[in-house]
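Below: final30.cif (mmCIF, C-alpha atoms and all ligand atoms)
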```
data_entry
loop_
_atom_site.group_PDB
_atom_site.id
_atom_site.type_symbol
_atom_site.label_atom_id
_atom_site.label_comp_id
_atom_site.auth_asym_id
_atom_site.auth_seq_id
_atom_site.Cartn_x
_atom_site.Cartn_y
_atom_site.Cartn_z
ATOM 1 C CA MET A 177 148.603 -185.050 33.162
ATOM 2 C CA TYR A 178 149.979 -185.824 36.670
ATOM 3 C CA THR A 179 153.417 -186.805 38.012
ATOM 4 C CA GLU A 180 153.958 -189.775 40.372
ATOM 5 C CA ARG A 181 153.664 -187.314 43.277
ATOM 6 C CA ASN A 182 150.244 -186.280 41.924
ATOM 7 C CA GLU A 183 151.513 -182.872 40.793
ATOM 8 C CA VAL A 184 150.297 -181.405 37.514
ATOM 9 C CA ARG A 185 152.928 -181.859 34.824
ATOM 10 C CA MET A 186 154.249 -178.793 33.034
ATOM 11 C CA ARG A 187 153.184 -178.805 29.361
ATOM 12 C CA VAL A 188 156.035 -177.884 27.060
ATOM 13 C CA ALA A 189 157.065 -177.642 23.421
ATOM 14 C CA ILE A 190 160.689 -178.198 22.472
ATOM 15 C CA VAL A 191 162.296 -176.512 19.480
ATOM 16 C CA THR A 192 165.866 -177.127 18.314
ATOM 17 C CA GLY A 193 167.509 -174.596 16.008
ATOM 18 C CA ALA A 194 165.335 -171.895 17.584
ATOM 19 C CA SER A 195 167.886 -169.091 17.241
ATOM 20 C CA SER A 196 167.045 -168.246 13.630
ATOM 21 C CA GLY A 197 165.033 -168.985 10.497
ATOM 22 C CA MET A 198 162.271 -171.565 10.723
ATOM 23 C CA GLY A 199 163.095 -172.705 14.274
ATOM 24 C CA ARG A 200 162.639 -169.121 15.525
ATOM 25 C CA GLU A 201 159.409 -168.877 13.532
ATOM 26 C CA PHE A 202 158.124 -172.140 15.094
ATOM 27 C CA VAL A 203 158.712 -170.705 18.580
ATOM 28 C CA LEU A 204 156.792 -167.506 17.808
ATOM 29 C CA GLN A 205 153.887 -169.277 16.084
ATOM 30 C CA ILE A 206 153.601 -172.066 18.699
ATOM 31 C CA GLY A 207 153.510 -169.376 21.399
ATOM 32 C CA ALA A 208 150.693 -167.562 19.615
ATOM 33 C CA LEU A 209 148.728 -170.722 18.738
ATOM 34 C CA TYR A 210 148.947 -173.044 21.745
ATOM 35 C CA LYS A 211 147.605 -171.171 24.754
ATOM 36 C CA ASN A 212 147.663 -174.254 26.997
ATOM 37 C CA LEU A 213 151.462 -174.642 27.005
ATOM 38 C CA ASP A 214 153.489 -173.512 30.020
ATOM 39 C CA GLU A 215 156.924 -173.129 28.424
ATOM 40 C CA ILE A 216 158.877 -173.623 25.217
ATOM 41 C CA TRP A 217 162.314 -175.172 25.664
ATOM 42 C CA VAL A 218 164.717 -173.982 22.999
ATOM 43 C CA ILE A 219 168.108 -175.269 21.903
ATOM 44 C CA ALA A 220 170.803 -173.660 19.715
ATOM 45 C CA ARG A 221 174.357 -172.373 20.078
ATOM 46 C CA ARG A 222 173.742 -168.593 19.883
ATOM 47 C CA LYS A 223 172.450 -167.624 23.318
ATOM 48 C CA GLY A 224 172.036 -163.941 22.396
ATOM 49 C CA ASN A 225 169.696 -164.864 19.530
ATOM 50 C CA LEU A 226 167.677 -167.181 21.781
ATOM 51 C CA GLU A 227 167.331 -164.366 24.341
ATOM 52 C CA ARG A 228 166.031 -162.051 21.614
ATOM 53 C CA VAL A 229 163.483 -164.715 20.555
ATOM 54 C CA ALA A 230 162.442 -164.979 24.225
ATOM 55 C CA GLU A 231 161.676 -161.239 24.279
ATOM 56 C CA GLN A 232 159.312 -161.696 21.322
ATOM 57 C CA SER A 233 157.668 -164.959 22.401
ATOM 58 C CA ARG A 234 154.238 -164.960 24.054
ATOM 59 C CA LEU A 235 155.259 -167.997 26.132
ATOM 60 C CA PRO A 236 158.259 -168.135 28.486
ATOM 61 C CA LEU A 237 161.310 -169.811 26.957
ATOM 62 C CA ARG A 238 163.754 -172.066 28.775
ATOM 63 C CA ILE A 239 167.085 -171.645 27.037
ATOM 64 C CA PHE A 240 169.549 -174.499 26.487
ATOM 65 C CA ASP A 241 172.442 -172.859 24.690
ATOM 66 C CA GLY A 242 174.860 -175.381 23.304
ATOM 67 C CA ASP A 243 176.137 -177.348 20.382
ATOM 68 C CA LEU A 244 174.036 -180.391 19.463
ATOM 69 C CA LEU A 245 177.225 -182.006 18.146
ATOM 70 C CA LYS A 246 178.663 -181.981 21.684
ATOM 71 C CA LYS A 247 177.702 -183.625 24.979
ATOM 72 C CA PRO A 248 177.109 -180.741 27.463
ATOM 73 C CA VAL A 249 173.831 -179.518 25.976
ATOM 74 C CA TYR A 250 172.334 -183.043 26.171
ATOM 75 C CA LYS A 251 173.436 -183.280 29.817
ATOM 76 C CA ALA A 252 171.691 -180.007 30.717
ATOM 77 C CA PHE A 253 168.606 -181.026 28.737
ATOM 78 C CA CYS A 254 168.422 -184.518 30.322
ATOM 79 C CA GLU A 255 168.799 -183.039 33.808
ATOM 80 C CA ALA A 256 165.858 -180.703 33.131
ATOM 81 C CA LEU A 257 163.774 -183.636 31.839
ATOM 82 C CA CYS A 258 164.524 -185.727 34.955
ATOM 83 C CA GLU A 259 163.890 -182.814 37.299
ATOM 84 C CA ASP A 260 160.606 -181.566 35.820
ATOM 85 C CA THR A 261 159.237 -184.703 34.062
ATOM 86 C CA PRO A 262 157.321 -182.430 31.653
ATOM 87 C CA ASP A 263 154.478 -183.447 29.386
ATOM 88 C CA ILE A 264 156.106 -182.805 25.997
ATOM 89 C CA ARG A 265 153.252 -181.794 23.699
ATOM 90 C CA MET A 266 155.467 -181.005 20.721
ATOM 91 C CA LEU A 267 159.042 -181.584 19.584
ATOM 92 C CA VAL A 268 160.249 -179.577 16.600
ATOM 93 C CA ASN A 269 163.606 -180.762 15.264
ATOM 94 C CA ALA A 270 164.673 -177.737 13.209
ATOM 95 C CA ALA A 271 168.438 -177.575 13.845
ATOM 96 C CA GLY A 272 170.271 -178.394 10.658
ATOM 97 C CA PHE A 273 172.588 -177.038 7.996
ATOM 98 C CA GLY A 274 173.692 -177.727 4.435
ATOM 99 C CA ARG A 275 176.692 -176.975 2.248
ATOM 100 C CA SER A 276 176.626 -176.893 -1.535
ATOM 101 C CA GLY A 277 179.516 -177.950 -3.754
ATOM 102 C CA SER A 278 181.033 -181.245 -4.825
ATOM 103 C CA VAL A 279 181.724 -183.779 -2.070
ATOM 104 C CA GLU A 280 185.464 -183.614 -2.793
ATOM 105 C CA GLU A 281 185.670 -179.809 -2.956
ATOM 106 C CA ILE A 282 183.821 -179.348 0.325
ATOM 107 C CA SER A 283 186.021 -181.957 1.949
ATOM 108 C CA MET A 284 189.160 -180.096 0.853
ATOM 109 C CA GLN A 285 187.800 -176.769 2.140
ATOM 110 C CA ARG A 286 186.563 -178.027 5.521
ATOM 111 C CA ARG A 287 187.462 -181.610 6.281
ATOM 112 C CA ARG A 288 184.820 -182.398 8.909
ATOM 113 C CA ILE A 289 181.894 -180.294 7.758
ATOM 114 C CA GLN A 290 180.110 -183.076 5.872
ATOM 115 C CA THR A 291 180.365 -185.584 8.711
ATOM 116 C CA ASP A 292 179.190 -182.825 11.080
ATOM 117 C CA MET A 293 176.214 -182.367 8.760
ATOM 118 C CA VAL A 294 175.334 -186.039 9.196
ATOM 119 C CA GLY A 295 175.935 -185.605 12.933
ATOM 120 C CA LEU A 296 173.530 -182.682 13.277
ATOM 121 C CA ASN A 297 170.872 -183.404 10.638
ATOM 122 C CA CYS A 298 170.583 -187.146 11.418
ATOM 123 C CA GLN A 299 172.230 -188.134 14.694
ATOM 124 C CA ALA A 300 171.216 -185.115 16.807
ATOM 125 C CA LEU A 301 167.654 -185.251 15.449
ATOM 126 C CA THR A 302 167.419 -188.938 16.338
ATOM 127 C CA ARG A 303 168.975 -188.401 19.757
ATOM 128 C CA MET A 304 166.561 -185.552 20.610
ATOM 129 C CA THR A 305 163.634 -187.704 19.494
ATOM 130 C CA LEU A 306 164.737 -190.650 21.655
ATOM 131 C CA LEU A 307 165.256 -188.394 24.679
ATOM 132 C CA CYS A 308 161.829 -186.782 24.332
ATOM 133 C CA LEU A 309 159.723 -189.863 23.509
ATOM 134 C CA PRO A 310 159.386 -191.123 27.113
ATOM 135 C CA TYR A 311 157.859 -187.752 28.025
ATOM 136 C CA MET A 312 155.320 -187.731 25.184
ATOM 137 C CA HIS A 313 151.670 -188.827 25.480
ATOM 138 C CA PRO A 314 148.672 -189.394 23.193
ATOM 139 C CA GLY A 315 148.138 -186.286 21.064
ATOM 140 C CA SER A 316 151.806 -185.194 21.314
ATOM 141 C CA ARG A 317 153.485 -184.241 18.047
ATOM 142 C CA ILE A 318 156.895 -184.563 16.474
ATOM 143 C CA VAL A 319 157.673 -182.168 13.634
ATOM 144 C CA ASN A 320 160.892 -183.001 11.795
ATOM 145 C CA LEU A 321 162.464 -180.557 9.363
ATOM 146 C CA ALA A 322 163.375 -182.624 6.325
ATOM 147 C CA SER A 323 163.455 -180.819 2.962
ATOM 148 C CA ALA A 324 162.391 -181.176 -0.660
ATOM 149 C CA ALA A 325 166.049 -182.225 -1.044
ATOM 150 C CA ALA A 326 164.905 -185.501 0.558
ATOM 151 C CA PHE A 327 162.892 -186.465 -2.520
ATOM 152 C CA CYS A 328 165.833 -187.471 -4.740
ATOM 153 C CA PRO A 329 169.642 -187.471 -4.857
ATOM 154 C CA GLN A 330 171.195 -184.037 -5.507
ATOM 155 C CA PRO A 331 174.690 -183.850 -6.972
ATOM 156 C CA TYR A 332 176.576 -180.839 -5.497
ATOM 157 C CA PHE A 333 174.268 -180.991 -2.456
ATOM 158 C CA ALA A 334 174.893 -184.722 -1.991
ATOM 159 C CA VAL A 335 175.431 -185.129 1.745
ATOM 160 C CA TYR A 336 172.687 -182.638 2.626
ATOM 161 C CA ALA A 337 170.127 -184.364 0.370
ATOM 162 C CA ALA A 338 171.131 -187.752 1.827
ATOM 163 C CA THR A 339 170.709 -186.503 5.419
ATOM 164 C CA LYS A 340 167.257 -185.180 4.588
ATOM 165 C CA SER A 341 166.290 -188.516 2.968
ATOM 166 C CA TYR A 342 167.218 -190.053 6.309
ATOM 167 C CA VAL A 343 164.975 -187.578 8.148
ATOM 168 C CA LEU A 344 162.066 -188.315 5.807
ATOM 169 C CA SER A 345 162.470 -192.087 6.005
ATOM 170 C CA PHE A 346 162.974 -192.059 9.793
ATOM 171 C CA SER A 347 159.909 -189.822 10.304
ATOM 172 C CA ARG A 348 157.688 -192.043 8.179
ATOM 173 C CA SER A 349 158.705 -195.245 9.958
ATOM 174 C CA LEU A 350 158.496 -193.657 13.402
ATOM 175 C CA ARG A 351 155.040 -192.333 12.575
ATOM 176 C CA GLU A 352 153.828 -195.890 11.938
ATOM 177 C CA GLU A 353 155.455 -197.206 15.125
ATOM 178 C CA LEU A 354 153.953 -194.426 17.270
ATOM 179 C CA LYS A 355 150.391 -194.777 15.972
ATOM 180 C CA THR A 356 149.522 -197.123 18.842
ATOM 181 C CA ARG A 357 150.710 -194.474 21.329
ATOM 182 C CA GLY A 358 148.675 -191.738 19.580
ATOM 183 C CA ILE A 359 151.781 -189.653 18.851
ATOM 184 C CA ILE A 360 151.758 -187.858 15.489
ATOM 185 C CA VAL A 361 154.889 -187.452 13.373
ATOM 186 C CA THR A 362 155.043 -185.006 10.468
ATOM 187 C CA ALA A 363 157.998 -184.510 8.126
ATOM 188 C CA VAL A 364 158.251 -180.968 6.782
ATOM 189 C CA CYS A 365 159.657 -180.836 3.250
ATOM 190 C CA PRO A 366 159.968 -177.267 2.032
ATOM 191 C CA GLY A 367 161.825 -176.138 -1.048
ATOM 192 C CA PRO A 368 164.152 -173.143 -0.644
ATOM 193 C CA VAL A 369 163.129 -170.852 2.236
ATOM 194 C CA ASP A 370 164.516 -167.355 2.748
ATOM 195 C CA THR A 371 166.491 -167.843 5.993
ATOM 196 C CA PRO A 372 170.153 -167.539 7.070
ATOM 197 C CA PHE A 373 170.489 -171.190 5.935
ATOM 198 C CA PHE A 374 172.080 -169.906 2.707
ATOM 199 C CA ASP A 375 174.765 -167.951 4.625
ATOM 200 C CA VAL A 376 176.156 -171.368 5.609
ATOM 201 C CA SER A 377 175.218 -173.470 2.567
ATOM 202 C CA GLY A 378 176.193 -170.906 -0.065
ATOM 203 C CA LYS A 379 173.764 -169.095 -2.360
ATOM 204 C CA PRO A 380 171.517 -171.326 -4.502
ATOM 205 C CA GLN A 381 173.214 -171.790 -7.858
ATOM 206 C CA ASN A 382 170.067 -172.997 -9.588
ATOM 207 C CA PHE A 383 167.782 -170.162 -10.831
ATOM 208 C CA LEU A 384 164.732 -172.392 -10.116
ATOM 209 C CA LYS A 385 165.643 -172.320 -6.414
ATOM 210 C CA GLU A 386 165.749 -168.492 -6.485
ATOM 211 C CA LEU A 387 162.416 -168.464 -8.312
ATOM 212 C CA THR A 388 160.614 -170.755 -5.846
ATOM 213 C CA MET A 389 162.043 -169.187 -2.636
ATOM 214 C CA ALA A 390 159.372 -169.142 0.126
ATOM 215 C CA GLN A 391 159.167 -167.068 3.313
ATOM 216 C CA PRO A 392 159.611 -168.865 6.672
ATOM 217 C CA GLY A 393 156.325 -167.564 8.194
ATOM 218 C CA PRO A 394 153.913 -169.256 5.742
ATOM 219 C CA VAL A 395 156.033 -172.444 5.590
ATOM 220 C CA VAL A 396 155.895 -172.840 9.376
ATOM 221 C CA HIS A 397 152.187 -171.885 9.483
ATOM 222 C CA GLN A 398 151.485 -174.666 6.966
ATOM 223 C CA ALA A 399 153.665 -177.138 8.897
ATOM 224 C CA LEU A 400 151.781 -176.520 12.161
ATOM 225 C CA LYS A 401 148.452 -176.783 10.319
ATOM 226 C CA ASP A 402 149.509 -180.062 8.686
ATOM 227 C CA SER A 403 150.734 -181.432 12.017
ATOM 228 C CA ARG A 404 147.351 -180.540 13.592
ATOM 229 C CA LYS A 405 145.656 -182.385 10.708
ATOM 230 C CA ARG A 406 147.879 -185.394 11.526
ATOM 231 C CA LYS A 407 149.490 -185.323 8.077
ATOM 232 C CA GLU A 408 152.543 -187.416 7.301
ATOM 233 C CA LEU A 409 154.091 -184.739 5.070
ATOM 234 C CA SER A 410 153.979 -180.974 4.978
ATOM 235 C CA ILE A 411 154.941 -179.659 1.568
ATOM 236 C CA TYR A 412 154.554 -175.916 1.110
ATOM 237 C CA GLY A 413 153.483 -174.449 -2.243
ATOM 238 C CA LEU A 414 152.538 -175.786 -5.652
ATOM 239 C CA PRO A 415 156.088 -175.896 -7.114
ATOM 240 C CA MET A 416 157.269 -178.269 -4.362
ATOM 241 C CA LYS A 417 154.082 -180.368 -4.543
ATOM 242 C CA LEU A 418 154.743 -180.795 -8.276
ATOM 243 C CA THR A 419 158.408 -181.568 -7.570
ATOM 244 C CA TYR A 420 157.331 -184.275 -5.122
ATOM 245 C CA ALA A 421 154.939 -185.796 -7.670
ATOM 246 C CA GLY A 422 157.677 -185.639 -10.344
ATOM 247 C CA THR A 423 160.182 -187.475 -8.154
ATOM 248 C CA LYS A 424 157.584 -190.212 -7.573
ATOM 249 C CA LEU A 425 156.942 -190.659 -11.283
ATOM 250 C CA LEU A 426 160.305 -190.132 -12.987
ATOM 251 C CA PRO A 427 163.315 -192.481 -12.747
ATOM 252 C CA HIS A 428 166.348 -191.233 -10.780
ATOM 253 C CA LYS A 429 168.576 -191.251 -13.862
ATOM 254 C CA LEU A 430 166.308 -188.741 -15.575
ATOM 255 C CA LEU A 431 165.962 -186.615 -12.429
ATOM 256 C CA LEU A 432 169.753 -186.417 -12.132
ATOM 257 C CA ARG A 433 170.009 -185.353 -15.785
ATOM 258 C CA ILE A 434 167.329 -182.650 -15.336
ATOM 259 C CA GLN A 435 169.258 -181.234 -12.350
ATOM 260 C CA ASN A 436 172.383 -180.925 -14.512
ATOM 261 C CA LEU A 437 170.609 -178.824 -17.198
HETATM 262 N N1 LIG A 501 166.153 -172.621 4.355
HETATM 263 C C1 LIG A 501 165.903 -173.577 3.501
HETATM 264 O O1 LIG A 501 165.935 -173.376 2.279
HETATM 265 C C2 LIG A 501 165.506 -174.941 3.994
HETATM 266 C C3 LIG A 501 164.757 -175.749 3.134
HETATM 267 C C4 LIG A 501 164.373 -177.011 3.559
HETATM 268 C C5 LIG A 501 164.724 -177.454 4.814
HETATM 269 N N2 LIG A 501 165.471 -176.649 5.634
HETATM 270 C C6 LIG A 501 165.814 -177.181 6.955
HETATM 271 O O2 LIG A 501 165.109 -176.426 7.906
HETATM 272 C C7 LIG A 501 165.827 -176.425 9.153
HETATM 273 C C8 LIG A 501 165.958 -174.994 9.642
HETATM 274 O O3 LIG A 501 166.784 -174.286 8.738
HETATM 275 P P1 LIG A 501 166.652 -172.716 8.494
HETATM 276 O O4 LIG A 501 166.350 -172.524 7.068
HETATM 277 O O5 LIG A 501 165.782 -172.111 9.495
HETATM 278 O O6 LIG A 501 168.187 -172.289 8.692
HETATM 279 P P2 LIG A 501 168.893 -171.403 9.807
HETATM 280 O O7 LIG A 501 168.199 -170.090 9.930
HETATM 281 O O8 LIG A 501 170.340 -171.416 9.432
HETATM 282 O O9 LIG A 501 168.657 -172.217 11.152
HETATM 283 C C9 LIG A 501 169.422 -173.320 11.522
HETATM 284 C C10 LIG A 501 169.318 -173.497 13.018
HETATM 285 O O10 LIG A 501 170.094 -174.643 13.399
HETATM 286 C C11 LIG A 501 170.906 -174.295 14.513
HETATM 287 N N3 LIG A 501 172.142 -175.055 14.534
HETATM 288 C C12 LIG A 501 173.061 -175.168 13.538
HETATM 289 N N4 LIG A 501 174.097 -175.919 13.954
HETATM 290 C C13 LIG A 501 173.827 -176.277 15.239
HETATM 291 C C14 LIG A 501 174.526 -177.044 16.213
HETATM 292 N N5 LIG A 501 175.698 -177.619 15.940
HETATM 293 N N6 LIG A 501 173.967 -177.203 17.441
HETATM 294 C C15 LIG A 501 172.776 -176.631 17.724
HETATM 295 N N7 LIG A 501 172.061 -175.910 16.840
HETATM 296 C C16 LIG A 501 172.591 -175.729 15.614
HETATM 297 C C17 LIG A 501 171.200 -172.794 14.314
HETATM 298 O O11 LIG A 501 171.470 -172.192 15.564
HETATM 299 P P3 LIG A 501 172.914 -171.750 16.083
HETATM 300 O O12 LIG A 501 173.723 -171.328 14.905
HETATM 301 O O13 LIG A 501 172.606 -170.640 17.044
HETATM 302 O O14 LIG A 501 173.450 -172.962 16.772
HETATM 303 C C18 LIG A 501 169.873 -172.291 13.773
HETATM 304 O O15 LIG A 501 169.012 -171.967 14.833
HETATM 305 C C19 LIG A 501 167.158 -177.114 8.863
HETATM 306 O O16 LIG A 501 167.074 -178.446 9.301
HETATM 307 C C20 LIG A 501 167.272 -177.055 7.351
HETATM 308 O O17 LIG A 501 168.042 -178.131 6.861
HETATM 309 C C21 LIG A 501 165.861 -175.410 5.247
#
```
As structure tokens, what does this structure read like?
Amino acid sequence: MYTERNEVRMRVAIVTGASSGMGREFVLQIGALYKNLDEIWVIARRKGNLERVAEQSRLPLRIFDGDLLKKPVYKAFCEALCEDTPDIRMLVNAAGFGRSGSVEEISMQRRRIQTDMVGLNCQALTRMTLLCLPYMHPGSRIVNLASAAAFCPQPYFAVYAATKSYVLSFSRSLREELKTRGIIVTAVCPGPVDTPFFDVSGKPQNFLKELTMAQPGPVVHQALKDSRKRKELSIYGLPMKLTYAGTKLLPHKLLLRIQNL
């Protein structure tokens, strides 16, 4: 791929939420898997963590440390896009967080946390996608971290489940729209994964979540494999595949009752 000045474009992957958990794992696995990339551009708030990931990555990382709920990180990122006009081969939107508890309780504890959740999980993901799309070409991929929580409403995880339904719905529609451009969109819908996610969200209260906890390595491996196979959804493990089928077959009322057992 060439720039207007006939220079070869740099081929990059972009990973948000790269400082821990699945985002970090995406960086390491993309580096090991895609030998034809020049750099991975990573975004998260904890610069020290990103620097440690850079030491372990096979590919050089370009670090954008900043809060995706605030403007400066987008400014730095947009400047880099304009300057380098890279060929974005992959965008992984992994930044996100959840918080369990009743909507009212959470609101009393931390007034803005639930609107920030919508801001990060939905708005920032959409904004990153819109910024990257002009730099994507046939064969480029978008991998959006949704969740099995996207499959049905979840009382006591209400806002989080709703944000992930947004991610799933947005990814599916975008996938259809981008077919003519040859860009592949995959929504990743894991069940519980053993990452620092639970330090923020609170420990899973449901024993089924403890029982079905997956490791980030295999979940990300599957997601990259599914993206390569141009799949719409990446659902890791039999329990979550069965959960998905169940949420397609059973009415919401019943699903809500089962969750309250
Ligand atoms: N773990 C699970 O059970 C699970 C299951 C299904 C889906 N998911 C989804 O998978 C994605 C990755 O989660 P994870 O499990 O890997 O959790 P994690 O280890 O807590 O990672 C979350 C990432 O998001 C970044 N982040 C949080 N707030 C940010 C902000 N305001 N600005 C920029 N970056 C921010 C964090 O970096 P900084 O703190 O350094 O900013 C971190 O790198 C999330 O979207 C999550 O909803 C998780």
| Nearby polymer residues, ligand LIG 501 (chain A), at most 6 Å, only C-alpha atoms and all ligand atoms, as number ranges by chain | A: 193-199, 220-222, 243-245, 270-273, 321-323, 366-373
| request: Could you expand the PyMOL selection byres (((chain A and resi 410) around 8) and not hetatm) into the explicit residues it covers here, written as a list in words? | output: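 Listing what the PyMOL selection byres (((chain A and resi 410) around 8) and not hetatm) selects in the shown file: Thr362, Ala363, Val364, Cys365, Pro366, Gln398, Ala399, Asp402, Ser403, Lys407, Glu408, Leu409, Ile411 and Tyr412 of chain A.
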| query | Which of these residues is nearest to Ile318 in chain A, using all atoms listed in the file: A:Leu296, A:Val191, A:Ile282, A:Val395? | reply |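 Checking each candidate against Ile318 in chain A, we get A:Val191 as the closest.
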| field | Pick from A:Glu183, A:Glu352, A:Asp375, A:Glu386 nearest to Asp263 in chain A, counting all atoms listed in the file | value |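 So, comparing all the options, the nearest one is A:Glu183.
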| Expanded to explicit residues, what is the PyMOL selection byres (((chain A and resi 293) around 8) and not hetatm) for this file, as a count of residues only? | 15
Kindly list the centre and edge lengths in Å, rounded to one decimal, for the axis-aligned box that covers all listed atoms of range 379-390 of chain A plus 3 Å on each of its six sides, as AutoDock Vina command-line options.
```
--center_x 166.6 --center_y -170.7 --center_z -5.4 --size_x 20.4 --size_y 10.5 --size_z 17.0
```
| message | Taking (174.0, -173.9, -0.2) in the coordinates of the supplied file, I want to know which residues reach to within 7 Å of it, counting only C-alpha atoms; could you give the answer as a list in words? | response | Gly274, Arg275, Ser276, Phe374, Val376, Ser377, Gly378, Lys379 and Pro380 of chain A
| Atomic distance CA of Lys223 in chain A - CA of Arg238 in chain A, expressed in Å with one decimal |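 Atom-to-atom, CA of Lys223 in chain A to CA of Arg238 in chain A, that is 11.2 Å.
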| request: Give as number ranges by chain each residue that has an atom at most 6 Å from (156.2, -189.7, 11.0) in the file, counting only C-alpha atoms. | output: A: 347-348, 350-351, 361-362, 408
Write out as a short mmCIF file (atom, residue, chain, number, x, y, z; two decimals) with C-alpha atoms, in the frame of the given file each polymer residue whose atoms come within 12 Å of Arg234 in chain A, counting only C-alpha atoms; drop sequence neighbours fewer than 4 positions from it.
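Ended up saving to around.cif:
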```cif
data_model
loop_
_atom_site.label_atom_id
_atom_site.label_comp_id
_atom_site.auth_asym_id
_atom_site.auth_seq_id
_atom_site.Cartn_x
_atom_site.Cartn_y
_atom_site.Cartn_z
CA VAL A 203 158.71 -170.70 18.58
CA LEU A 204 156.79 -167.51 17.81
CA GLN A 205 153.89 -169.28 16.08
CA ILE A 206 153.60 -172.07 18.70
CA GLY A 207 153.51 -169.38 21.40
CA ALA A 208 150.69 -167.56 19.61
CA LEU A 209 148.73 -170.72 18.74
CA TYR A 210 148.95 -173.04 21.74
CA LYS A 211 147.60 -171.17 24.75
CA ASN A 212 147.66 -174.25 27.00
CA LEU A 213 151.46 -174.64 27.00
CA ASP A 214 153.49 -173.51 30.02
CA GLU A 215 156.92 -173.13 28.42
CA ILE A 216 158.88 -173.62 25.22
CA VAL A 229 163.48 -164.72 20.56
CA ALA A 230 162.44 -164.98 24.22
#
```
| message | Residues within 10 Å of range 302-304 of chain A, please, as an MDAnalysis selection string. Count all atoms listed in the file; anything in the same chain fewer than 2 positions from it doesn't count. | response | chainID A and resid 190 192 244 250 253:254 267:269 295:300 306:309 320 343 346:347
| field | Pick from A:Ile239, A:Val279, A:Cys328, A:Ile360, whichever lies nearest to His428 in chain A using only C-alpha atoms | value | A:Cys328
| request: Tell me which of A:Arg406, A:Arg187, A:Leu344, A:Phe240 sits closest to Glu255 in chain A, counting all atoms listed in the file. | output: A:Phe240
| message | From the options A:Arg228, A:Arg287, A:Lys429, A:Lys246, which residue's atoms come nearest to Pro331 in chain A, counting all atoms listed in the file? | response |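 Comparing A:Arg228, A:Arg287, A:Lys429, A:Lys246 against Pro331 in chain A, the winner is A:Lys429.
Reported to one decimal place, the separation of CA of Lys251 in chain A from CA of Met266 in chain A is 20.3 Å.
The closest residue to Thr356 in chain A, picked from A:Lys401, A:Leu432, A:Pro314, A:Gly224 and counting only C-alpha atoms, is A:Pro314.
Going from CA of Phe327 in chain A over to CA of Gly422 in chain A, you cover 9.4 Å.
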| said: Would you pick out the contacts of Thr423 in chain A at 12 Å or less, using all atoms listed in the file, so that residues sharing its chain but fewer than 2 positions from it are not included, and give the list as JSON, numbers by chain? | reply: {"A": [324, 325, 326, 327, 328, 329, 330, 416, 417, 418, 419, 420, 421, 425, 426, 427, 428, 429, 430, 431, 432, 434, 435]}
